[in-house]
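See below for input-v3.cif, which holds mmCIF, C-alpha atoms.
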```cif
data_my_file
loop_
_atom_site.label_atom_id
_atom_site.label_comp_id
_atom_site.auth_asym_id
_atom_site.auth_seq_id
_atom_site.Cartn_x
_atom_site.Cartn_y
_atom_site.Cartn_z
CA MET F 1 56.24 148.49 81.72
CA ARG F 2 54.45 146.06 79.45
CA PRO F 3 53.22 142.82 81.02
CA ASP F 4 55.52 140.81 78.73
CA SER F 5 58.66 142.69 79.74
CA ARG F 6 57.60 142.57 83.42
CA ALA F 7 57.32 138.80 83.16
CA ALA F 8 60.74 138.67 81.53
CA TRP F 9 62.27 140.73 84.37
CA LEU F 10 60.57 138.51 86.95
CA SER F 11 61.91 135.39 85.22
CA LEU F 12 65.38 136.92 85.19
CA LEU F 13 65.14 137.70 88.91
CA VAL F 14 63.95 134.19 89.71
CA LEU F 15 66.72 132.68 87.60
CA SER F 16 69.41 134.81 89.20
CA GLY F 17 68.05 133.94 92.64
CA ALA F 18 68.05 130.26 91.77
CA SER F 19 71.67 130.41 90.68
CA LEU F 20 72.86 131.81 94.02
CA PRO F 21 72.96 128.46 95.85
CA LEU F 22 74.92 126.98 92.95
CA ARG F 23 77.57 129.64 93.32
CA ALA F 24 77.72 129.10 97.07
CA MET F 25 78.27 125.37 96.49
CA ALA F 26 81.70 125.87 94.94
CA ALA F 27 83.64 125.06 98.06
CA GLN F 28 86.10 122.29 98.86
CA SER F 29 86.57 120.99 95.37
CA ILE F 30 89.05 119.24 93.13
CA SER F 31 89.43 119.68 89.41
CA PRO F 32 89.75 117.49 87.47
CA PRO F 33 88.80 114.37 89.47
CA ILE F 34 90.02 112.04 86.70
CA ALA F 35 92.85 112.60 84.20
CA GLU F 36 94.38 110.44 81.48
CA TYR F 37 97.87 110.72 80.02
CA GLN F 38 100.07 108.77 77.67
CA GLU F 39 102.99 106.93 79.28
CA ARG F 40 103.97 109.75 81.66
CA ALA F 41 102.23 112.66 83.30
CA ARG F 42 103.50 116.15 83.98
CA SER F 43 100.40 117.85 85.12
CA SER F 44 98.50 119.49 87.94
CA PHE F 45 95.16 119.62 89.69
CA GLN F 46 93.50 122.42 91.52
CA LEU F 47 92.02 122.49 95.01
CA ARG F 48 89.63 125.23 96.01
CA ASN F 49 88.40 126.37 99.40
CA ALA F 50 85.47 128.70 98.95
CA SER F 51 84.58 128.58 102.62
CA ILE F 52 85.50 131.38 105.01
CA PHE F 53 87.67 129.09 107.14
CA PRO F 54 91.26 127.98 106.46
CA LEU F 55 91.81 124.32 105.71
CA THR F 56 94.76 122.07 106.29
CA VAL F 57 95.38 119.82 103.30
CA VAL F 58 97.42 116.63 103.42
CA LEU F 59 98.13 114.77 100.18
CA GLU F 60 98.59 111.03 99.87
CA VAL F 61 99.19 108.89 96.80
CA ARG F 62 97.26 105.61 96.74
CA GLY F 63 96.88 102.83 94.22
CA PHE F 64 93.77 100.95 93.24
CA ARG F 65 92.77 97.89 91.32
CA ILE F 66 89.62 96.86 89.53
CA SER F 67 87.57 93.92 90.78
CA GLU F 68 85.87 91.41 88.51
CA ALA F 69 82.63 93.28 89.15
CA GLY F 70 84.25 96.44 87.84
CA ASP F 71 84.56 98.09 91.24
CA VAL F 72 87.54 100.17 92.26
CA ILE F 73 89.40 98.74 95.25
CA ASP F 74 91.76 101.01 97.13
CA VAL F 75 95.24 99.55 97.72
CA PRO F 76 98.63 101.01 98.68
CA LEU F 77 100.63 102.48 95.80
CA ASP F 78 102.98 100.06 94.06
CA THR F 79 106.06 102.26 94.45
CA SER F 80 108.27 99.64 92.86
CA ARG F 81 106.52 100.25 89.53
CA ILE F 82 104.82 103.66 89.68
CA HIS F 83 106.89 106.71 90.55
CA VAL F 84 105.03 109.87 91.54
CA LYS F 85 106.53 113.20 92.56
CA LEU F 86 104.29 115.85 94.12
CA SER F 87 105.15 119.53 94.33
CA GLU F 88 104.08 119.47 97.99
CA MET F 89 102.65 117.03 100.46
CA SER F 90 100.75 119.37 102.79
CA PHE F 91 99.76 123.01 102.97
CA ARG F 92 97.24 125.47 104.35
CA LEU F 93 94.47 126.51 102.02
CA PRO F 94 93.37 130.02 102.97
CA PRO F 95 89.71 131.06 103.07
CA LYS F 96 88.39 131.63 99.55
CA GLY F 97 91.74 130.42 98.25
CA SER F 98 92.86 127.88 95.72
CA ARG F 99 96.04 125.94 95.17
CA THR F 100 97.47 124.16 92.16
CA VAL F 101 99.37 121.00 93.00
CA PHE F 102 101.86 119.87 90.35
CA TYR F 103 102.99 116.33 89.89
CA GLU F 104 105.11 114.10 87.71
CA ALA F 105 104.31 110.45 87.27
CA VAL F 106 105.96 107.69 85.33
CA SER F 107 105.51 103.96 85.42
CA ASP F 108 107.91 101.17 84.53
CA SER F 109 105.07 99.57 82.58
CA VAL F 110 101.82 100.91 81.22
CA PRO F 111 98.89 101.03 81.60
CA ALA F 112 99.16 102.20 85.19
CA TRP F 113 96.92 104.18 87.50
CA PHE F 114 96.84 105.79 90.93
CA THR F 115 94.94 108.28 93.05
CA ILE F 116 96.18 111.43 94.73
CA LEU F 117 94.01 111.91 97.81
CA SER F 118 93.56 115.35 99.27
CA ALA F 119 92.46 115.23 102.90
CA MET F 120 91.05 118.56 104.05
CA THR F 121 90.48 119.42 107.67
CA GLY F 122 89.15 122.60 109.22
CA ALA F 123 89.74 123.94 112.69
CA ARG F 124 90.17 121.23 115.31
CA THR F 125 87.76 121.07 118.16
CA GLU F 126 88.74 120.31 121.72
CA ASN F 127 85.52 118.45 122.28
CA GLY F 128 83.39 116.44 119.87
CA LEU F 129 83.73 115.16 116.33
CA ASN F 130 85.63 116.82 113.48
CA VAL F 131 84.73 116.00 109.92
CA ARG F 132 87.55 115.49 107.42
CA ILE F 133 86.93 115.48 103.66
CA LEU F 134 88.92 113.34 101.26
CA LEU F 135 88.71 114.13 97.54
CA PRO F 136 90.42 112.04 94.85
CA HIS F 137 92.40 112.96 91.75
CA VAL F 138 92.62 109.76 89.69
CA VAL F 139 95.40 109.47 87.10
CA TYR F 140 95.61 106.92 84.31
CA LEU F 141 98.84 106.42 82.38
CA ASN F 142 97.97 104.77 79.10
CA GLN F 143 100.21 103.30 76.45
CA LYS F 144 100.70 105.25 73.22
CA GLN F 145 99.77 102.42 70.90
CA PRO F 146 96.15 101.29 70.99
CA LEU F 147 95.54 97.73 72.14
CA ARG F 148 95.55 95.14 69.37
CA LYS F 149 92.56 92.91 68.88
CA GLU F 150 94.41 89.83 70.14
CA GLU F 151 95.40 91.66 73.34
CA VAL F 152 91.79 92.07 74.49
CA ALA F 153 90.17 89.08 76.18
CA ILE F 154 86.68 88.67 77.52
CA ARG F 155 86.03 85.56 79.56
CA ARG F 156 82.99 84.21 81.31
CA LEU F 157 84.10 83.68 84.90
CA ALA F 158 81.07 81.97 86.42
CA GLY F 159 77.59 80.75 85.64
CA PRO F 160 76.20 78.06 83.37
CA ARG F 161 77.41 77.73 79.80
CA ARG F 162 75.11 78.94 77.07
CA GLU F 163 74.93 77.30 73.69
CA GLU F 164 74.23 80.50 71.80
CA GLY F 165 77.31 82.34 73.08
CA PRO F 166 79.61 83.75 70.40
CA GLY F 167 82.87 81.89 69.86
CA PRO F 168 84.14 79.09 72.05
CA ALA F 169 82.08 78.65 75.22
CA GLY F 170 83.50 80.62 78.12
CA GLU F 171 86.05 82.58 76.15
CA TYR F 172 85.60 85.46 73.75
CA GLY F 173 89.16 86.51 73.14
CA ALA F 174 92.76 85.66 73.90
CA SER F 175 95.96 86.91 75.48
CA PRO F 176 95.76 87.11 79.26
CA GLY F 177 97.44 90.05 80.89
CA ALA F 178 96.20 92.67 78.50
CA GLY F 179 93.86 95.35 79.71
CA LEU F 180 92.87 96.03 83.30
CA PRO F 181 94.01 93.65 86.02
CA THR F 182 91.23 92.03 88.00
CA ASP F 183 90.95 90.24 91.31
CA SER F 184 91.88 86.99 89.68
CA GLU F 185 95.24 88.33 88.55
CA MET C 1 125.37 157.91 45.60
CA GLY C 2 124.20 155.97 42.59
CA SER C 3 125.85 152.76 43.78
CA ARG C 4 124.23 153.20 47.22
CA ARG C 5 120.78 153.56 45.60
CA PHE C 6 121.48 150.54 43.49
CA GLY C 7 122.53 148.57 46.59
CA LEU C 8 119.34 149.56 48.46
CA SER C 9 117.18 148.61 45.48
CA PHE C 10 118.96 145.28 45.22
CA ALA C 11 118.53 144.56 48.92
CA LEU C 12 114.84 145.48 48.77
CA GLY C 13 114.35 143.31 45.70
CA ALA C 14 116.07 140.36 47.36
CA PHE C 15 114.00 140.82 50.55
CA LEU C 16 110.74 140.90 48.57
CA ALA C 17 111.77 137.89 46.51
CA LEU C 18 112.76 135.82 49.56
CA GLY C 19 109.84 136.95 51.72
CA ALA C 20 107.28 136.64 48.96
CA LYS C 21 105.73 133.60 50.61
CA GLU C 22 105.06 135.47 53.82
CA LEU C 23 103.77 138.52 52.00
CA PHE C 24 101.54 136.80 49.53
CA GLY C 25 100.81 133.43 51.24
CA GLN C 26 97.36 132.05 51.86
CA ALA C 27 95.42 132.91 55.00
CA ARG C 28 96.52 130.78 57.94
CA ILE C 29 93.99 128.73 59.87
CA ILE C 30 94.15 129.18 63.61
CA SER C 31 92.37 126.45 65.53
CA LEU C 32 90.54 127.49 68.66
CA ALA C 33 89.78 124.97 71.38
CA ALA C 34 88.45 125.33 74.88
CA THR C 35 88.16 122.61 77.47
CA SER C 36 86.02 122.74 80.58
CA PRO C 37 87.71 120.47 83.13
CA SER C 38 85.60 118.08 85.14
CA ASP C 39 85.00 119.00 88.73
CA LEU C 40 84.06 117.33 91.98
CA SER C 41 83.27 119.13 95.18
CA LEU C 42 82.11 118.18 98.62
CA VAL C 43 80.93 120.94 100.88
CA ILE C 44 80.01 120.74 104.50
CA THR C 45 77.73 123.71 104.71
CA SER C 46 77.18 123.26 108.43
CA GLY C 47 77.95 120.84 111.19
CA ALA C 48 81.63 120.28 110.38
CA ILE C 49 82.21 120.20 114.13
CA GLN C 50 79.80 118.12 116.15
CA THR C 51 79.63 118.75 119.88
CA ILE C 52 77.35 117.52 122.63
CA ALA C 53 77.39 120.00 125.48
CA GLY C 54 76.51 117.54 128.20
CA VAL C 55 76.65 113.81 127.61
CA THR C 56 74.18 111.63 129.49
CA ASP C 57 75.56 108.29 130.57
CA ASN C 58 73.70 105.08 129.78
CA ALA C 59 71.53 106.87 127.21
CA VAL C 60 71.37 107.73 123.54
CA ASN C 61 72.81 111.22 122.97
CA ASN C 62 71.96 113.02 119.76
CA PHE C 63 74.39 115.47 118.25
CA PRO C 64 72.33 118.65 118.10
CA SER C 65 72.57 119.46 114.39
CA PRO C 66 73.22 117.34 111.31
CA VAL C 67 76.30 117.48 109.11
CA VAL C 68 74.90 119.08 105.95
CA ILE C 69 76.81 117.73 102.95
CA GLN C 70 76.53 119.10 99.44
CA THR C 71 78.18 117.10 96.70
CA THR C 72 78.50 118.66 93.28
CA TRP C 73 80.00 117.02 90.24
CA SER C 74 80.58 117.78 86.61
CA VAL C 75 82.12 114.62 85.21
CA ASN C 76 82.46 112.67 82.00
CA PRO C 77 80.20 109.56 82.08
CA GLY C 78 82.77 107.83 79.89
CA GLN C 79 85.25 108.07 82.76
CA THR C 80 82.98 107.99 85.81
CA ASN C 81 80.28 105.40 86.45
CA THR C 82 79.40 106.16 90.04
CA VAL C 83 80.00 108.64 92.81
CA ASN C 84 80.04 107.13 96.29
CA LEU C 85 80.47 108.65 99.72
CA VAL C 86 81.93 106.63 102.58
CA ALA C 87 82.27 107.70 106.21
CA TYR C 88 84.85 106.02 108.40
CA PHE C 89 86.98 106.26 111.49
CA LEU C 90 90.68 105.54 111.08
CA VAL C 91 90.75 103.49 114.29
CA PRO C 92 87.31 101.94 114.90
CA ALA C 93 88.13 101.13 118.51
CA GLN C 94 88.90 104.81 119.13
CA ALA C 95 86.21 106.80 117.40
CA LEU C 96 86.24 109.28 120.28
CA VAL C 97 89.04 109.47 122.76
CA GLY C 98 89.22 111.29 126.07
CA GLY C 99 92.12 110.62 128.40
CA THR C 100 92.31 106.87 128.80
CA THR C 101 88.69 106.28 127.77
CA GLN C 102 87.96 105.23 124.24
CA ILE C 103 84.51 105.18 122.64
CA PRO C 104 84.40 102.72 119.72
CA SER C 105 82.72 103.38 116.38
CA SER C 106 80.01 100.85 117.27
CA ARG C 107 78.74 103.50 119.70
CA VAL C 108 78.52 106.18 117.02
CA LEU C 109 75.38 105.88 114.92
CA ALA C 110 74.69 107.70 111.67
CA ARG C 111 71.66 108.22 109.50
CA MET C 112 71.24 109.74 106.06
CA SER C 113 67.55 109.84 105.18
CA THR C 114 68.35 110.58 101.54
CA GLY C 115 71.12 108.01 101.34
CA LEU C 116 71.72 104.35 102.18
CA PRO C 117 71.54 104.22 105.99
CA THR C 118 68.02 105.62 106.28
CA THR C 119 67.80 104.58 109.92
CA PHE C 120 70.44 105.10 112.59
CA THR C 121 73.20 102.58 111.87
CA ALA C 122 76.38 101.95 113.78
CA ILE C 123 79.53 102.88 111.87
CA THR C 124 80.73 99.29 111.89
CA GLN C 125 80.64 98.24 108.25
CA ASN C 126 83.70 96.97 106.49
CA ALA C 127 85.57 99.09 103.98
CA PHE C 128 83.77 99.78 100.73
CA ALA C 129 85.94 99.32 97.63
CA GLY C 130 88.93 99.20 99.94
CA VAL C 131 88.07 102.65 101.29
CA GLY C 132 87.62 102.95 105.03
CA THR C 133 88.50 100.58 107.81
CA ALA C 134 87.26 97.12 108.72
CA GLY C 135 84.47 97.50 111.24
CA GLY C 136 84.65 101.28 111.23
CA SER C 137 82.99 102.38 107.99
CA LEU C 138 79.56 103.28 106.68
CA ARG C 139 78.60 103.76 103.04
CA LEU C 140 76.42 106.84 102.86
CA TYR C 141 75.26 107.02 99.25
CA SER C 142 75.93 105.79 95.75
CA VAL C 143 74.90 107.63 92.58
CA ASN C 144 75.07 106.10 89.12
CA ILE C 145 76.37 108.60 86.58
CA GLY C 146 74.78 108.86 83.16
CA GLY C 147 74.18 111.48 80.55
CA SER C 148 71.25 112.98 82.43
CA ASN C 149 73.15 113.61 85.68
CA LYS C 150 76.73 114.14 84.56
CA ASN C 151 76.41 117.71 85.84
CA SER C 152 74.51 117.51 89.07
CA SER C 153 74.55 117.95 92.82
CA ARG C 154 72.85 116.61 95.89
CA THR C 155 72.40 117.74 99.46
CA ASP C 156 72.23 115.29 102.33
CA ASN C 157 71.89 115.58 106.07
CA LEU C 158 74.04 113.23 108.10
CA ASP C 159 72.53 112.81 111.57
CA LEU C 160 74.84 111.50 114.25
CA ARG C 161 74.17 110.08 117.66
CA LEU C 162 76.19 108.56 120.48
CA ASN C 163 74.76 105.41 121.99
CA LEU C 164 76.03 105.04 125.54
CA VAL C 165 73.40 102.52 126.67
CA GLY C 166 75.28 99.87 128.62
CA PHE C 167 78.58 101.71 128.21
CA PRO C 168 80.67 102.37 131.32
CA THR C 169 80.15 105.78 132.88
CA LEU C 170 82.30 108.38 131.15
CA ARG C 171 84.80 110.26 133.25
CA ALA C 172 84.44 114.02 133.16
CA GLY C 173 86.51 115.54 130.37
CA SER C 174 86.64 116.20 126.67
CA TYR C 175 86.24 113.51 124.05
CA THR C 176 87.39 114.13 120.50
CA GLY C 177 87.48 112.24 117.22
CA VAL C 178 87.68 112.66 113.47
CA LEU C 179 85.07 111.31 111.08
CA ASN C 180 86.43 110.92 107.55
CA LEU C 181 84.20 111.47 104.54
CA ARG C 182 85.72 110.17 101.35
CA VAL C 183 84.28 110.55 97.87
CA ILE C 184 84.94 107.67 95.49
CA THR C 185 84.59 108.14 91.77
CA GLN C 186 84.80 105.03 89.65
#
```

Could you quickly redo this structure as structure tokens?
Amino acid sequence: MRPDSRAAWLSLLVLSGASLPLRAMAAQSISPPIAEYQERARSSFQLRNASIFPLTVVLEVRGFRISEAGDVIDVPLDTSRIHVKLSEMSFRLPPKGSRTVFYEAVSDSVPAWFTILSAMTGARTENGLNVRILLPHVVYLNQKQPLRKEEVAIRRLAGPRREEGPGPAGEYGASPGAGLPTDSE
Amino acid sequence: MGSRRFGLSFALGAFLALGAKELFGQARIISLAATSPSDLSLVITSGAIQTIAGVTDNAVNNFPSPVVIQTTWSVNPGQTNTVNLVAYFLVPAQALVGGTTQIPSSRVLARMSTGLPTTFTAITQNAFAGVGTAGGSLRLYSVNIGGSNKNSSRTDNLDLRLNLVGFPTLRAGSYTGVLNLRVITQ
């Protein structure tokens, strides 16, 4: 074997060895974690259990809102506005198994959003601490028509006024109520 | 016989005339598209069950092995800014329960050397982004997502300990609890 080809084989071996941990990582997973639809959703997400132990999965639908700082804040689902149907609410995920959960979602007004939480628990212990994993599937229901320019507003909420700011001081747009709701709404 | 041949020729002629588009049309373009869905996984490679064989009263008791957590993500930075992990107990006053005795979450300490609580910290924080419980949560890590780490993973060790210093003597028996680990993508 020529030194060049030997080096190539060694590189291949090293690369294949390096990829082993990546393959082993594919365990309790959700795909996709975030999905966007127009007006209504008829879709699914997949849960995988690549471990050698069975898992009990319990699904829960939660809402969330966006703070002024842009952070997601978990809240109960607004069931008066957002209607979500899941194909199942709980099941056993066998070792090395996967499950596709189907759902339908519609909202009385868009945009709307919610999270389907999958809580996965392994075997229960009689003594000590169990660890439970919660993975999210976030769904956004968007409107079909893009937002018009006058529906987007950017406002300065705090801090001193600056002379060089574009447009009228403190306000860069119009029409409250368009776009994402914030803490102030 | 002649009329039958004439009929067949007529039918064939009509078929060719009507189907001429299909026979002599331009090549059709078939669009091919493939989408690789985003993915988020959290793996507890070891330590999913934490047990202390013999608890010592009025002392700090370490759980013998850490909870080894591997988080892997393949996400779109346009949709996901951060990936956070929060640990919490559903009822902070009852982190571990045995019979009528309840051990609160303030007695359970956690440390993640590669995360935010780099020293042992009681699981008594308030909920992060509304996730967790007031006085029973602990934010473990926060990763900003950008183009360079949109496909990435990390491995963290979560060390746990039970602080029973000054706590009433535990009655003999089993004490159980559930620690929730929730991933937040935003």

Item to check | Residue members of the PyMOL selection byres ((chain F) within 9 of (chain C)) in the file shown, as a PyMOL selection string | outcome: chain F and resi 25-35+48+51+64+67+70-75+119+122-136+138

Item to check | Ground truth for the PyMOL selection byres ((chain C and resi 141-149) around 7), written as a PyMOL selection string | outcome: chain C and resi 77+80-85+115-116+139-140+150-152

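Here CA of Ala134 in chain C is placed at a distance of 29.8 Å from CA of Ala172 in chain C.
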
Tell me which residues the PyMOL selection byres ((chain F and resi 112) around 8) grabs here, as a compact mmCIF listing (two decimals) with C-alpha atoms, in the frame of the given file.
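And here's result.txt as it stands now:
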```txt
# COMPACT_ATOMS: atom_id res chain seq x y z
CA ILE F 82 104.82 103.66 89.68
CA SER F 107 105.51 103.96 85.42
CA SER F 109 105.07 99.57 82.58
CA VAL F 110 101.82 100.91 81.22
CA PRO F 111 98.89 101.03 81.60
CA TRP F 113 96.92 104.18 87.50
CA PHE F 114 96.84 105.79 90.93
CA TYR F 140 95.61 106.92 84.31
CA LEU F 141 98.84 106.42 82.38
CA ASN F 142 97.97 104.77 79.10
```

Item to check | Counting all atoms listed in the file, the option among F:Val101, F:Ile52, F:Val61, F:Val139 closest to Asp78 in chain F | outcome: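 Result for the nearest residue to Asp78 in chain F: F:Val61.
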
Item to check | Ref. answer, residues at most 12 Å from (79.1, 107.3, 120.8) with only C-alpha atoms, as number ranges by chain | outcome: F: 128-129; C: 50-52, 55-63, 92-97, 101-110, 121-123, 160-168, 170, 175-177

Convert the current residue selection to file output with C-alpha atoms, as a PDB file, in the frame of the given file.
```
ATOM      1  CA  GLY F 128      83.390 116.440 119.870  1.00  0.00           C
ATOM      2  CA  LEU F 129      83.730 115.160 116.330  1.00  0.00           C
TER       3      LEU F 129
ATOM      4  CA  GLN C  50      79.800 118.120 116.150  1.00  0.00           C
ATOM      5  CA  THR C  51      79.630 118.750 119.880  1.00  0.00           C
ATOM      6  CA  ILE C  52      77.350 117.520 122.630  1.00  0.00           C
ATOM      7  CA  VAL C  55      76.650 113.810 127.610  1.00  0.00           C
ATOM      8  CA  THR C  56      74.180 111.630 129.490  1.00  0.00           C
ATOM      9  CA  ASP C  57      75.560 108.290 130.570  1.00  0.00           C
ATOM     10  CA  ASN C  58      73.700 105.080 129.780  1.00  0.00           C
ATOM     11  CA  ALA C  59      71.530 106.870 127.210  1.00  0.00           C
ATOM     12  CA  VAL C  60      71.370 107.730 123.540  1.00  0.00           C
ATOM     13  CA  ASN C  61      72.810 111.220 122.970  1.00  0.00           C
ATOM     14  CA  ASN C  62      71.960 113.020 119.760  1.00  0.00           C
ATOM     15  CA  PHE C  63      74.390 115.470 118.250  1.00  0.00           C
ATOM     16  CA  PRO C  92      87.310 101.940 114.900  1.00  0.00           C
ATOM     17  CA  ALA C  93      88.130 101.130 118.510  1.00  0.00           C
ATOM     18  CA  GLN C  94      88.900 104.810 119.130  1.00  0.00           C
ATOM     19  CA  ALA C  95      86.210 106.800 117.400  1.00  0.00           C
ATOM     20  CA  LEU C  96      86.240 109.280 120.280  1.00  0.00           C
ATOM     21  CA  VAL C  97      89.040 109.470 122.760  1.00  0.00           C
ATOM     22  CA  THR C 101      88.690 106.280 127.770  1.00  0.00           C
ATOM     23  CA  GLN C 102      87.960 105.230 124.240  1.00  0.00           C
ATOM     24  CA  ILE C 103      84.510 105.180 122.640  1.00  0.00           C
ATOM     25  CA  PRO C 104      84.400 102.720 119.720  1.00  0.00           C
ATOM     26  CA  SER C 105      82.720 103.380 116.380  1.00  0.00           C
ATOM     27  CA  SER C 106      80.010 100.850 117.270  1.00  0.00           C
ATOM     28  CA  ARG C 107      78.740 103.500 119.700  1.00  0.00           C
ATOM     29  CA  VAL C 108      78.520 106.180 117.020  1.00  0.00           C
ATOM     30  CA  LEU C 109      75.380 105.880 114.920  1.00  0.00           C
ATOM     31  CA  ALA C 110      74.690 107.700 111.670  1.00  0.00           C
ATOM     32  CA  THR C 121      73.200 102.580 111.870  1.00  0.00           C
ATOM     33  CA  ALA C 122      76.380 101.950 113.780  1.00  0.00           C
ATOM     34  CA  ILE C 123      79.530 102.880 111.870  1.00  0.00           C
ATOM     35  CA  LEU C 160      74.840 111.500 114.250  1.00  0.00           C
ATOM     36  CA  ARG C 161      74.170 110.080 117.660  1.00  0.00           C
ATOM     37  CA  LEU C 162      76.190 108.560 120.480  1.00  0.00           C
ATOM     38  CA  ASN C 163      74.760 105.410 121.990  1.00  0.00           C
ATOM     39  CA  LEU C 164      76.030 105.040 125.540  1.00  0.00           C
ATOM     40  CA  VAL C 165      73.400 102.520 126.670  1.00  0.00           C
ATOM     41  CA  GLY C 166      75.280  99.870 128.620  1.00  0.00           C
ATOM     42  CA  PHE C 167      78.580 101.710 128.210  1.00  0.00           C
ATOM     43  CA  PRO C 168      80.670 102.370 131.320  1.00  0.00           C
ATOM     44  CA  LEU C 170      82.300 108.380 131.150  1.00  0.00           C
ATOM     45  CA  TYR C 175      86.240 113.510 124.050  1.00  0.00           C
ATOM     46  CA  THR C 176      87.390 114.130 120.500  1.00  0.00           C
ATOM     47  CA  GLY C 177      87.480 112.240 117.220  1.00  0.00           C
TER      48      GLY C 177
END
```

Item to check | CA of Gln46 in chain F to CA of Val106 in chain F, straight-line distance in Å | outcome: 20.3 Å

Checklist entry - What separation in Å, quoted to one decimal, exists between CA of Pro146 in chain F and CA of Glu36 in chain F? => result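 Going from CA of Pro146 in chain F over to CA of Glu36 in chain F, I get 14.0 Å.
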